[in-house]
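Below: start-v3.cif (mmCIF, C-alpha atoms)
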data_query
#
loop_
_atom_site.label_atom_id
_atom_site.label_comp_id
_atom_site.auth_asym_id
_atom_site.auth_seq_id
_atom_site.Cartn_x
_atom_site.Cartn_y
_atom_site.Cartn_z
CA MET W 1 0.00 0.00 0.00
CA SER W 2 1.28 3.50 -0.85
CA ALA W 3 1.08 6.48 1.50
CA ASP W 4 0.40 9.53 -0.68
CA ARG W 5 -1.86 12.17 0.90
CA MET W 6 -3.09 9.69 3.48
CA LEU W 7 -4.12 10.24 7.09
CA PHE W 8 -3.69 7.12 9.20
CA ILE W 9 -5.90 7.13 12.29
CA ASN W 10 -7.27 4.91 15.06
CA ALA W 11 -4.02 3.26 16.07
CA THR W 12 -1.33 3.30 18.71
CA ALA W 13 2.05 4.30 17.28
CA ALA W 14 5.41 3.10 18.52
CA THR W 15 7.29 6.00 16.94
CA MET W 16 10.74 4.78 18.15
CA ALA W 17 11.69 8.42 18.64
CA HIS W 18 14.07 9.62 21.37
CA GLY W 19 15.57 6.21 22.15
CA GLY W 20 12.45 4.28 23.14
CA TYR W 21 9.01 3.12 22.07
CA GLY W 22 7.72 6.70 21.98
CA LEU W 23 4.13 5.47 22.21
CA ILE W 24 1.30 7.73 21.05
CA GLU W 25 -2.25 6.52 21.58
CA ASP W 26 -5.09 7.65 19.31
CA VAL W 27 -2.44 8.69 16.81
CA ALA W 28 -2.85 10.46 13.49
CA ILE W 29 -0.07 10.26 10.90
CA ALA W 30 -0.34 12.49 7.84
CA CYS W 31 1.69 11.46 4.79
CA GLU W 32 2.37 13.22 1.52
CA ASN W 33 4.84 12.57 -1.32
CA GLY W 34 6.24 9.54 0.49
CA ALA W 35 7.09 11.46 3.66
CA ILE W 36 5.49 12.01 7.04
CA GLY W 37 4.08 15.53 7.21
CA TRP W 38 2.70 15.42 10.75
CA VAL W 39 2.34 12.97 13.62
CA GLY W 40 0.55 13.38 16.92
CA ARG W 41 -2.70 12.70 18.72
CA GLN W 42 -5.69 12.67 16.40
CA ALA W 43 -7.43 15.37 18.41
CA ASP W 44 -4.55 17.74 17.65
CA CYS W 45 -4.35 17.07 13.89
CA PRO W 46 -4.06 20.36 11.92
CA ALA W 47 -7.00 21.13 9.65
CA PRO W 48 -5.15 20.83 6.30
CA PHE W 49 -4.21 17.21 7.02
CA LYS W 50 -7.78 16.28 7.92
CA LYS W 51 -8.62 16.70 4.21
CA PHE W 52 -6.29 13.79 3.29
CA THR W 53 -7.80 10.38 2.52
CA SER W 54 -8.45 8.75 5.87
CA ASN W 55 -7.29 5.20 6.63
CA ASP W 56 -8.70 3.69 9.82
CA LEU W 57 -6.24 1.14 11.25
CA GLY W 58 -8.79 -0.46 13.56
CA GLY W 59 -6.99 0.17 16.83
CA ARG W 60 -3.89 -1.73 15.76
CA LEU W 61 -0.24 -0.97 16.56
CA ILE W 62 1.79 0.88 13.92
CA THR W 63 5.59 1.01 13.92
CA PRO W 64 8.22 2.17 11.46
CA ALA W 65 8.69 -0.46 8.79
CA LEU W 66 11.48 -2.82 9.80
CA ILE W 67 15.06 -2.68 8.50
CA ASP W 68 17.37 -5.67 8.04
CA CYS W 69 20.75 -3.96 8.01
CA HIS W 70 23.08 -6.96 7.52
CA THR W 71 22.39 -9.70 4.95
CA HIS W 72 24.27 -11.84 2.45
CA ILE W 73 20.96 -12.72 0.82
CA VAL W 74 22.20 -12.84 -2.81
CA TYR W 75 24.09 -16.08 -3.52
CA GLY W 76 23.96 -19.29 -5.52
CA GLY W 77 22.97 -22.73 -4.27
CA ASN W 78 22.54 -23.73 -0.64
CA ARG W 79 24.42 -25.67 2.03
CA ALA W 80 21.76 -27.99 3.41
CA ALA W 81 23.90 -31.06 2.71
CA GLU W 82 26.75 -29.53 4.70
CA PHE W 83 24.34 -28.79 7.55
CA GLU W 84 23.36 -32.44 7.61
CA MET W 85 27.00 -33.59 7.47
CA ARG W 86 27.92 -31.47 10.49
CA LEU W 87 25.00 -32.86 12.47
CA LYS W 88 26.21 -36.37 11.68
CA GLY W 89 29.58 -35.52 13.17
CA ALA W 90 31.66 -34.34 10.21
CA THR W 91 34.46 -31.94 11.11
CA TYR W 92 35.04 -28.59 9.42
CA GLU W 93 37.97 -30.14 7.52
CA GLU W 94 35.84 -33.09 6.37
CA VAL W 95 33.13 -30.76 5.14
CA ALA W 96 35.73 -28.70 3.27
CA ARG W 97 37.25 -31.79 1.63
CA ALA W 98 33.77 -32.78 0.46
CA GLY W 99 33.49 -29.42 -1.29
CA GLY W 100 31.45 -27.73 1.42
CA GLY W 101 31.94 -24.50 3.29
CA ILE W 102 32.17 -21.10 1.69
CA VAL W 103 33.99 -22.63 -1.28
CA SER W 104 30.77 -24.38 -2.33
CA THR W 105 28.83 -21.13 -2.21
CA VAL W 106 31.54 -19.33 -4.17
CA LYS W 107 31.41 -22.05 -6.84
CA ALA W 108 27.61 -21.92 -7.10
CA THR W 109 27.56 -18.13 -7.15
CA ARG W 110 30.19 -17.94 -9.88
CA GLN W 111 28.19 -20.39 -11.98
CA ALA W 112 24.92 -18.45 -11.56
CA SER W 113 23.86 -15.84 -14.09
CA LEU W 114 22.60 -12.43 -13.02
CA ASP W 115 19.04 -13.61 -13.57
CA ASP W 116 19.74 -16.76 -11.54
CA LEU W 117 21.04 -14.72 -8.61
CA VAL W 118 17.98 -12.49 -8.65
CA GLN W 119 15.47 -15.33 -8.93
CA GLN W 120 17.11 -17.35 -6.17
CA ALA W 121 17.16 -14.32 -3.87
CA LEU W 122 13.56 -13.20 -4.39
CA PRO W 123 11.87 -15.85 -2.18
CA ARG W 124 14.23 -14.91 0.64
CA ILE W 125 13.49 -11.23 0.05
CA ASP W 126 9.75 -11.92 0.03
CA ALA W 127 10.00 -13.69 3.40
CA LEU W 128 11.43 -10.51 4.92
CA LEU W 129 8.90 -8.22 3.24
CA ALA W 130 6.09 -10.40 4.62
CA GLU W 131 7.31 -9.47 8.12
CA GLY W 132 7.06 -5.73 7.53
CA VAL W 133 10.61 -5.11 6.30
CA ALA W 134 11.06 -2.10 3.98
CA VAL W 135 14.86 -1.73 3.84
CA ILE W 136 17.39 -4.53 3.29
CA GLU W 137 21.17 -4.28 3.16
CA ILE W 138 22.75 -6.75 0.71
CA LYS W 139 26.46 -7.58 0.59
CA SER W 140 28.64 -9.07 -2.11
CA GLY W 141 31.35 -11.49 -0.98
CA TYR W 142 30.54 -14.87 -2.53
CA GLY W 143 32.08 -14.14 -5.92
CA LEU W 144 35.66 -13.42 -4.86
CA ASP W 145 36.49 -12.58 -8.45
CA ILE W 146 35.91 -9.25 -10.13
CA GLU W 147 32.99 -10.14 -12.39
CA THR W 148 30.98 -12.14 -9.85
CA GLU W 149 31.41 -9.58 -7.08
CA ILE W 150 30.01 -6.96 -9.45
CA ASN W 151 27.24 -9.32 -10.60
CA MET W 152 26.07 -9.81 -7.01
CA LEU W 153 25.73 -6.05 -6.59
CA ARG W 154 23.91 -5.76 -9.91
CA ALA W 155 21.48 -8.40 -8.66
CA ALA W 156 20.92 -6.40 -5.49
CA ARG W 157 20.12 -3.27 -7.48
CA ARG W 158 17.72 -5.22 -9.73
CA ILE W 159 15.80 -6.54 -6.72
CA GLU W 160 14.90 -2.96 -5.86
CA GLN W 161 13.29 -2.66 -9.28
CA LEU W 162 11.27 -5.85 -8.83
CA ARG W 163 9.99 -5.37 -5.29
CA ALA W 164 8.72 -2.47 -3.17
CA VAL W 165 11.84 -2.33 -1.00
CA LYS W 166 14.83 -0.09 -0.51
CA ILE W 167 18.12 -1.91 -1.06
CA VAL W 168 21.41 -0.67 0.41
CA THR W 169 24.52 -2.39 -0.96
CA SER W 170 27.82 -3.20 0.71
CA PHE W 171 30.93 -4.31 -1.17
CA LEU W 172 32.42 -7.27 0.73
CA GLY W 173 35.28 -8.37 -1.51
CA ALA W 174 37.39 -8.87 1.63
CA HIS W 175 35.12 -11.66 2.85
CA ALA W 176 37.23 -14.78 2.31
CA ILE W 177 40.28 -15.92 0.38
CA PRO W 178 39.29 -17.98 -2.67
CA PRO W 179 41.04 -21.31 -3.34
CA GLU W 180 43.08 -19.94 -6.23
CA TYR W 181 44.67 -17.41 -3.84
CA LYS W 182 45.27 -19.80 -0.94
CA ASP W 183 48.07 -18.43 1.27
CA ARG W 184 48.26 -15.33 -0.95
CA ALA W 185 45.80 -12.98 0.73
CA ASN W 186 47.81 -9.85 -0.05
CA LEU W 187 47.88 -10.72 -3.73
CA TYR W 188 44.12 -11.32 -3.66
CA ILE W 189 43.62 -7.82 -2.22
CA ASP W 190 45.77 -6.39 -5.05
CA ASP W 191 44.47 -8.51 -7.93
CA VAL W 192 40.78 -8.86 -7.12
CA CYS W 193 39.41 -6.99 -4.13
CA ILE W 194 40.58 -3.45 -4.82
CA PRO W 195 40.04 -3.59 -8.62
CA ALA W 196 36.54 -5.03 -8.06
CA LEU W 197 35.73 -2.27 -5.58
CA LYS W 198 36.82 0.44 -7.98
CA ALA W 199 34.90 -1.10 -10.88
CA ALA W 200 31.73 -1.57 -8.83
CA HIS W 201 31.96 2.00 -7.54
CA ALA W 202 32.36 3.30 -11.09
CA GLU W 203 29.11 1.48 -11.94
CA LYS W 204 27.41 3.14 -8.93
CA LEU W 205 26.77 -0.21 -7.30
CA VAL W 206 28.37 0.45 -3.89
CA ASP W 207 26.78 2.25 -0.95
CA ALA W 208 29.33 1.11 1.67
CA VAL W 209 32.42 -1.09 2.01
CA ASP W 210 32.61 -4.03 4.42
CA GLY W 211 35.26 -6.60 5.35
CA PHE W 212 35.84 -9.64 7.55
CA CYS W 213 38.65 -9.06 10.03
CA GLU W 214 39.35 -12.46 11.58
CA GLY W 215 42.03 -15.14 11.74
CA ILE W 216 40.19 -17.21 9.12
CA ALA W 217 39.79 -14.19 6.83
CA PHE W 218 41.80 -10.95 6.66
CA SER W 219 44.21 -9.24 9.04
CA PRO W 220 43.78 -5.67 10.28
CA ALA W 221 46.61 -4.58 7.98
CA GLN W 222 44.88 -6.10 4.95
CA ILE W 223 41.54 -4.58 5.89
CA THR W 224 43.25 -1.21 6.28
CA ARG W 225 44.39 -1.34 2.66
CA VAL W 226 40.79 -1.89 1.50
CA PHE W 227 39.42 0.82 3.78
CA ASP W 228 41.99 3.32 2.53
CA VAL W 229 40.64 2.82 -0.98
CA ALA W 230 37.06 3.12 0.28
CA LYS W 231 37.96 6.38 2.01
CA ALA W 232 39.58 7.72 -1.16
CA LEU W 233 36.38 6.89 -3.05
CA GLY W 234 34.27 8.67 -0.44
CA LEU W 235 32.49 5.50 0.67
CA PRO W 236 31.44 4.76 4.28
CA ILE W 237 32.71 1.57 5.89
CA LYS W 238 31.55 -1.18 8.21
CA LEU W 239 33.30 -4.33 9.42
CA HIS W 240 32.71 -7.92 10.54
CA ALA W 241 34.91 -7.98 13.65
CA GLU W 242 35.53 -9.85 16.88
CA GLN W 243 33.19 -12.72 15.95
CA LEU W 244 35.61 -15.53 16.82
CA SER W 245 38.54 -13.72 18.44
CA ASN W 246 39.70 -10.20 19.27
CA LEU W 247 41.93 -8.72 16.56
CA HIS W 248 40.86 -5.20 17.59
CA GLY W 249 38.90 -4.80 14.38
CA ALA W 250 36.25 -2.75 16.16
CA ALA W 251 38.79 -0.08 17.09
CA LEU W 252 40.16 -0.18 13.54
CA ALA W 253 36.70 0.32 12.06
CA ALA W 254 35.98 3.11 14.54
CA SER W 255 39.15 4.90 13.45
CA TYR W 256 37.53 5.18 9.99
CA GLY W 257 34.26 6.43 11.49
CA ALA W 258 32.49 3.16 10.70
CA LEU W 259 28.73 3.24 10.33
CA SER W 260 28.56 -0.10 12.14
CA VAL W 261 30.61 -3.02 13.40
CA GLU W 262 29.11 -6.50 13.13
CA HIS W 263 29.02 -9.60 15.40
CA LEU W 264 31.35 -8.39 18.21
CA GLU W 265 31.18 -11.41 20.54
CA TYR W 266 34.83 -10.96 21.54
CA VAL W 267 35.11 -7.16 21.54
CA ASP W 268 36.78 -5.64 24.61
CA GLU W 269 35.86 -2.45 26.44
CA ALA W 270 38.50 -0.42 24.59
CA GLY W 271 36.88 -1.43 21.31
CA VAL W 272 33.43 -0.53 22.59
CA ALA W 273 34.70 2.85 23.82
CA ALA W 274 36.25 3.51 20.41
CA MET W 275 32.93 2.70 18.75
CA ALA W 276 31.12 5.05 21.12
CA LYS W 277 33.52 7.88 20.30
CA ALA W 278 33.09 7.28 16.56
CA GLY W 279 29.30 7.00 16.76
CA SER W 280 29.38 3.47 15.32
CA VAL W 281 26.44 1.09 15.75
CA ALA W 282 26.96 -2.39 17.20
CA ASN W 283 25.20 -4.82 14.88
CA ILE W 284 24.02 -7.87 16.83
CA LEU W 285 23.63 -11.08 14.79
CA PRO W 286 22.01 -13.82 16.88
CA GLY W 287 21.36 -16.11 13.91
CA ALA W 288 25.05 -16.85 13.42
CA PHE W 289 25.60 -17.25 17.17
CA TYR W 290 22.75 -19.79 17.25
CA THR W 291 23.69 -21.71 14.11
CA LEU W 292 27.37 -21.99 15.04
CA ARG W 293 26.44 -22.87 18.64
CA GLU W 294 28.80 -20.23 19.97
CA LYS W 295 29.32 -19.84 23.70
CA GLN W 296 30.50 -16.24 24.13
CA ALA W 297 27.70 -13.71 23.75
CA PRO W 298 28.34 -10.11 22.66
CA PRO W 299 28.88 -7.77 25.64
CA ILE W 300 25.45 -6.14 25.69
CA ASP W 301 26.09 -4.49 29.05
CA LEU W 302 29.23 -2.80 27.70
CA PHE W 303 27.26 -1.38 24.78
CA ARG W 304 24.70 -0.08 27.26
CA LYS W 305 27.39 1.35 29.52
CA HIS W 306 29.03 3.28 26.68
CA LYS W 307 25.69 4.17 25.04
CA VAL W 308 26.55 2.40 21.79
CA PRO W 309 23.31 1.92 19.81
CA MET W 310 22.56 -1.72 18.99
CA ALA W 311 21.06 -2.91 15.71
CA ILE W 312 19.77 -6.44 15.12
CA SER W 313 19.94 -8.24 11.77
CA THR W 314 19.29 -11.67 10.29
CA ASP W 315 22.79 -12.02 8.75
CA ALA W 316 20.88 -14.07 6.14
CA ASN W 317 23.47 -16.29 4.45
CA PRO W 318 23.74 -19.91 3.29
CA GLY W 319 26.25 -21.09 5.87
CA SER W 320 26.34 -19.58 9.34
CA SER W 321 22.87 -17.95 9.44
CA PRO W 322 20.27 -19.33 6.99
CA LEU W 323 17.73 -17.04 8.64
CA THR W 324 15.16 -14.93 6.81
CA SER W 325 12.97 -13.89 9.73
CA LEU W 326 13.79 -10.58 11.36
CA LEU W 327 11.08 -11.21 13.96
CA LEU W 328 12.86 -14.40 14.99
CA ALA W 329 16.17 -12.51 15.14
CA MET W 330 14.51 -10.09 17.57
CA ASN W 331 13.34 -12.95 19.77
CA MET W 332 16.79 -14.56 19.65
CA ALA W 333 18.45 -11.29 20.68
CA CYS W 334 16.16 -11.10 23.71
CA THR W 335 16.34 -14.78 24.67
CA LEU W 336 20.02 -15.47 23.95
CA PHE W 337 21.54 -12.08 24.81
CA ARG W 338 18.97 -10.63 27.27
CA MET W 339 18.26 -7.57 25.20
CA THR W 340 14.92 -5.98 26.07
CA PRO W 341 12.01 -5.96 23.60
CA GLU W 342 12.36 -2.18 23.41
CA GLU W 343 16.05 -2.53 22.50
CA ALA W 344 15.12 -5.19 19.95
CA LEU W 345 12.58 -2.99 18.20
CA LEU W 346 15.00 -0.07 18.21
CA GLY W 347 17.51 -2.50 16.72
CA VAL W 348 15.39 -3.14 13.64
CA THR W 349 14.14 0.43 13.22
CA ALA W 350 15.97 3.55 14.43
CA HIS W 351 19.32 1.93 15.16
CA ALA W 352 19.24 -0.18 11.99
CA ALA W 353 18.67 3.00 9.98
CA LYS W 354 21.67 4.60 11.69
CA ALA W 355 23.77 1.53 10.86
CA LEU W 356 23.04 2.17 7.19
CA GLY W 357 23.49 5.93 7.33
CA LEU W 358 19.79 6.51 6.60
CA ASN W 359 18.82 9.65 8.47
CA ASN W 360 15.21 9.69 7.27
CA HIS W 361 14.16 6.10 8.02
CA GLY W 362 13.40 4.00 11.07
CA VAL W 363 11.37 6.53 13.08
CA ILE W 364 7.81 7.85 12.81
CA ALA W 365 8.56 11.56 12.74
CA GLU W 366 7.99 14.52 10.47
CA GLY W 367 10.19 14.45 7.38
CA HIS W 368 10.92 10.74 7.63
CA ALA W 369 9.92 8.13 5.05
CA ALA W 370 6.27 7.12 5.24
CA GLN W 371 7.11 3.45 5.60
CA PHE W 372 5.18 1.60 8.27
CA ALA W 373 4.26 -1.83 9.55
CA VAL W 374 0.77 -2.27 10.99
CA TRP W 375 0.46 -5.16 13.45
CA ASN W 376 -2.39 -7.18 14.92
CA ILE W 377 -1.04 -6.66 18.42
CA THR W 378 -1.60 -4.20 21.25
CA HIS W 379 1.94 -3.71 22.62
CA PRO W 380 5.29 -3.66 20.78
CA ALA W 381 6.86 -6.20 23.16
CA GLU W 382 4.75 -8.85 21.42
CA LEU W 383 7.00 -8.57 18.35
CA SER W 384 9.92 -10.04 20.32
CA TYR W 385 7.87 -12.28 22.59
CA ARG W 386 6.31 -14.63 20.05
CA ILE W 387 8.25 -17.40 18.26
CA GLY W 388 7.32 -18.43 14.72
CA PHE W 389 4.32 -16.09 14.60
CA ASN W 390 3.88 -13.19 12.21
CA PRO W 391 1.26 -10.64 13.33
CA LEU W 392 1.71 -8.27 10.36
CA HIS W 393 -1.56 -6.75 9.16
CA GLN W 394 -0.12 -4.64 6.36
CA ARG W 395 3.06 -2.96 5.15
CA ILE W 396 2.76 0.65 4.01
CA MET W 397 5.44 1.89 1.61
CA GLY W 398 5.85 5.56 0.83
CA LYS W 399 8.79 6.30 -1.46
CA LEU W 400 10.61 9.53 -0.73
CA ALA W 401 10.96 11.82 -3.75
#

Could you render the structure as structure tokens?
Amino acid sequence: MSADRMLFINATAATMAHGGYGLIEDVAIACENGAIGWVGRQADCPAPFKKFTSNDLGGRLITPALIDCHTHIVYGGNRAAEFEMRLKGATYEEVARAGGGIVSTVKATRQASLDDLVQQALPRIDALLAEGVAVIEIKSGYGLDIETEINMLRAARRIEQLRAVKIVTSFLGAHAIPPEYKDRANLYIDDVCIPALKAAHAEKLVDAVDGFCEGIAFSPAQITRVFDVAKALGLPIKLHAEQLSNLHGAALAASYGALSVEHLEYVDEAGVAAMAKAGSVANILPGAFYTLREKQAPPIDLFRKHKVPMAISTDANPGSSPLTSLLLAMNMACTLFRMTPEEALLGVTAHAAKALGLNNHGVIAEGHAAQFAVWNITHPAELSYRIGFNPLHQRIMGKLA
């Protein structure tokens, strides 16, 4: 449903303004040209907005449309066979020798055409849209050669043309080292990653630059080389860091003014303090923690202490988080990490928007995008409380001019 010259009434709004639910009962929300023109109690609605087409929401709860700000949702194939092997006791090395792991996804993604990548991604996209999602971040990172990395980003851009959704892209060429560059990570950065980034940027396919700073991926020095190019191109950065160990990637990302830092199970207080100083968002990814059966949870109390905003995402990917339910990610963040339902909803609205550098999304406020989710519930905590239940009544999509 669009939101042009509409006045939404008879609802309770969780505006997510000012760092909390920001509840307004008996709300009226006036929308024009894809933007919110006024929000407040219906009794206080200015006369000009009362002339807009009225839409009675039947006493339901309305929130900003949800935002999934970390996905790898464009890829070829799947890794269900590998999942089964692991459950039968196969080791990581045995799975790799059988052609599993990220290598299998790279192979399938390289073999897929642009149309294939789009068509395989659309059902996963549709699952998110059906839960009230209006903005999805999509990363490259399963091509690991110049042409396929660019093709993944082209697929992401095409999805925005095929569905009513805003897509934000992240170049993730520094995701893994492909087999042909085994033990030659620096050469891969020179031969593939940086040239692919420059080519994708020239094609206007890149909104931000990401990397994976970890012992099984790239060192801080190698990530620095990629980020220096991103900075020269005027692109914002984000980073997978401290998922499995502490290489001080969070502090490195913060030194570049990172929009967000992802995973963060092993981040220390110095890293959190650096993120706070830089204004970086901590992106919490419970799907990967759950799937990998990790033991060390991200330090939620440290983020609270230093007032680092926390986003929550699905991390939708074929290996470590085959999750395409943002509502379930919210429940996981509460159950596994003891985040509050209010923090969880902020994490998929206002804080998720901040993690993507979107200043006019994620909050019901004047001048923001008229993108809403209307729910068959009475209190926003229900969105995190239920498991495997989708209470969405309708998604309202206003497109900013």

Selection under test: the PyMOL selection byres ((chain W and resi 115) around 12); residues as a PyMOL selection string: chain W and resi 74-76+109+111-114+116-122+151-152+154-156+158-159+162

Write to file, as a tab-separated table (two decimals), in the frame of the given file, the residues of the selection just made, with C-alpha atoms.
chain	number	residue	atom	x	y	z
W	74	VAL	CA	22.20	-12.84	-2.81
W	75	TYR	CA	24.09	-16.08	-3.52
W	76	GLY	CA	23.96	-19.29	-5.52
W	109	THR	CA	27.56	-18.13	-7.15
W	111	GLN	CA	28.19	-20.39	-11.98
W	112	ALA	CA	24.92	-18.45	-11.56
W	113	SER	CA	23.86	-15.84	-14.09
W	114	LEU	CA	22.60	-12.43	-13.02
W	116	ASP	CA	19.74	-16.76	-11.54
W	117	LEU	CA	21.04	-14.72	-8.61
W	118	VAL	CA	17.98	-12.49	-8.65
W	119	GLN	CA	15.47	-15.33	-8.93
W	120	GLN	CA	17.11	-17.35	-6.17
W	121	ALA	CA	17.16	-14.32	-3.87
W	122	LEU	CA	13.56	-13.20	-4.39
W	151	ASN	CA	27.24	-9.32	-10.60
W	152	MET	CA	26.07	-9.81	-7.01
W	154	ARG	CA	23.91	-5.76	-9.91
W	155	ALA	CA	21.48	-8.40	-8.66
W	156	ALA	CA	20.92	-6.40	-5.49
W	158	ARG	CA	17.72	-5.22	-9.73
W	159	ILE	CA	15.80	-6.54	-6.72
W	162	LEU	CA	11.27	-5.85	-8.83

Using all atoms listed in the file, which protein or nucleic acid residues come within 12 Å of Tyr181 in chain W? Drop anything in the same chain fewer than 4 positions from it, and give the result as a PDB file with C-alpha atoms, keeping the file's coordinate frame.
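Contents of out_19.pdb, as written:
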ATOM      1  CA  LEU W 144      35.660 -13.420  -4.860  1.00  0.00           C
ATOM      2  CA  ASP W 145      36.490 -12.580  -8.450  1.00  0.00           C
ATOM      3  CA  ALA W 176      37.230 -14.780   2.310  1.00  0.00           C
ATOM      4  CA  ILE W 177      40.280 -15.920   0.380  1.00  0.00           C
ATOM      5  CA  ALA W 185      45.800 -12.980   0.730  1.00  0.00           C
ATOM      6  CA  ASN W 186      47.810  -9.850  -0.050  1.00  0.00           C
ATOM      7  CA  LEU W 187      47.880 -10.720  -3.730  1.00  0.00           C
ATOM      8  CA  TYR W 188      44.120 -11.320  -3.660  1.00  0.00           C
ATOM      9  CA  ILE W 189      43.620  -7.820  -2.220  1.00  0.00           C
ATOM     10  CA  ASP W 190      45.770  -6.390  -5.050  1.00  0.00           C
ATOM     11  CA  ASP W 191      44.470  -8.510  -7.930  1.00  0.00           C
ATOM     12  CA  VAL W 192      40.780  -8.860  -7.120  1.00  0.00           C
ATOM     13  CA  CYS W 193      39.410  -6.990  -4.130  1.00  0.00           C
TER      14      CYS W 193
END

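For the residues W:Arg338, W:Val281, W:Ala316, W:Phe171, ranking by smallest atom-to-atom distance to Ile300 in chain W using all atoms listed in the file places W:Arg338 first.
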
Expected selection from the PyMOL selection byres ((chain W and resi 96-105) around 8), given as a ChimeraX atom specification: /W:75-79,82,92-95,106-109,142,178-179,318-319

Output of the PyMOL selection byres ((chain W and resi 60) around 10), listed as a PyMOL selection string: chain W and resi 9-13+56-59+61-62+374-379+393

Go through range 324-358 of chain W and flag each residue having an atom no more than 12 Å from range 268-280 of chain W; for those, report the closest pair of atoms plus their distance in Å to one decimal, using only C-alpha atoms, ordered by chain and rising number, as CSV.
residue,atom,partner,partner_atom,distance
W:His351,CA,W:Ser280,CA,10.2
W:Ala352,CA,W:Ser280,CA,11.3
W:Ala353,CA,W:Ser280,CA,12.0
W:Lys354,CA,W:Ser280,CA,8.6
W:Ala355,CA,W:Ser280,CA,7.4
W:Leu356,CA,W:Ser280,CA,10.4
W:Gly357,CA,W:Ser280,CA,10.2

Spatial neighbours of Glu137 in chain W, 9 Å, all atoms listed in the file, chain gap at least 4 places, as a PyMOL selection string: chain W and resi 67-73+156+166-170+356

Neighbour list for range 125-130 of chain W as a PyMOL selection string, cut-off 7 Å, all atoms listed in the file, skip fewer than 3 positions in-chain: chain W and resi 121-122+133-134+324-326

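Of the listed residues (W:Ala80, W:Leu172, W:Val348, W:Ile364), W:Leu172 comes nearest to Ala196 in chain W; the distances count only C-alpha atoms.
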
Protein and nucleic acid residues near (24.3, -3.0, 29.7) (cut-off 12 Å, all atoms listed in the file) as JSON, numbers by chain: {"W": [272, 298, 299, 300, 301, 302, 303, 304, 305, 306, 307, 308, 309, 310, 337, 338, 339, 340, 343]}

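For the pair CA of Val226 in chain W and CA of Asp183 in chain W, the separation is 18.1 Å.
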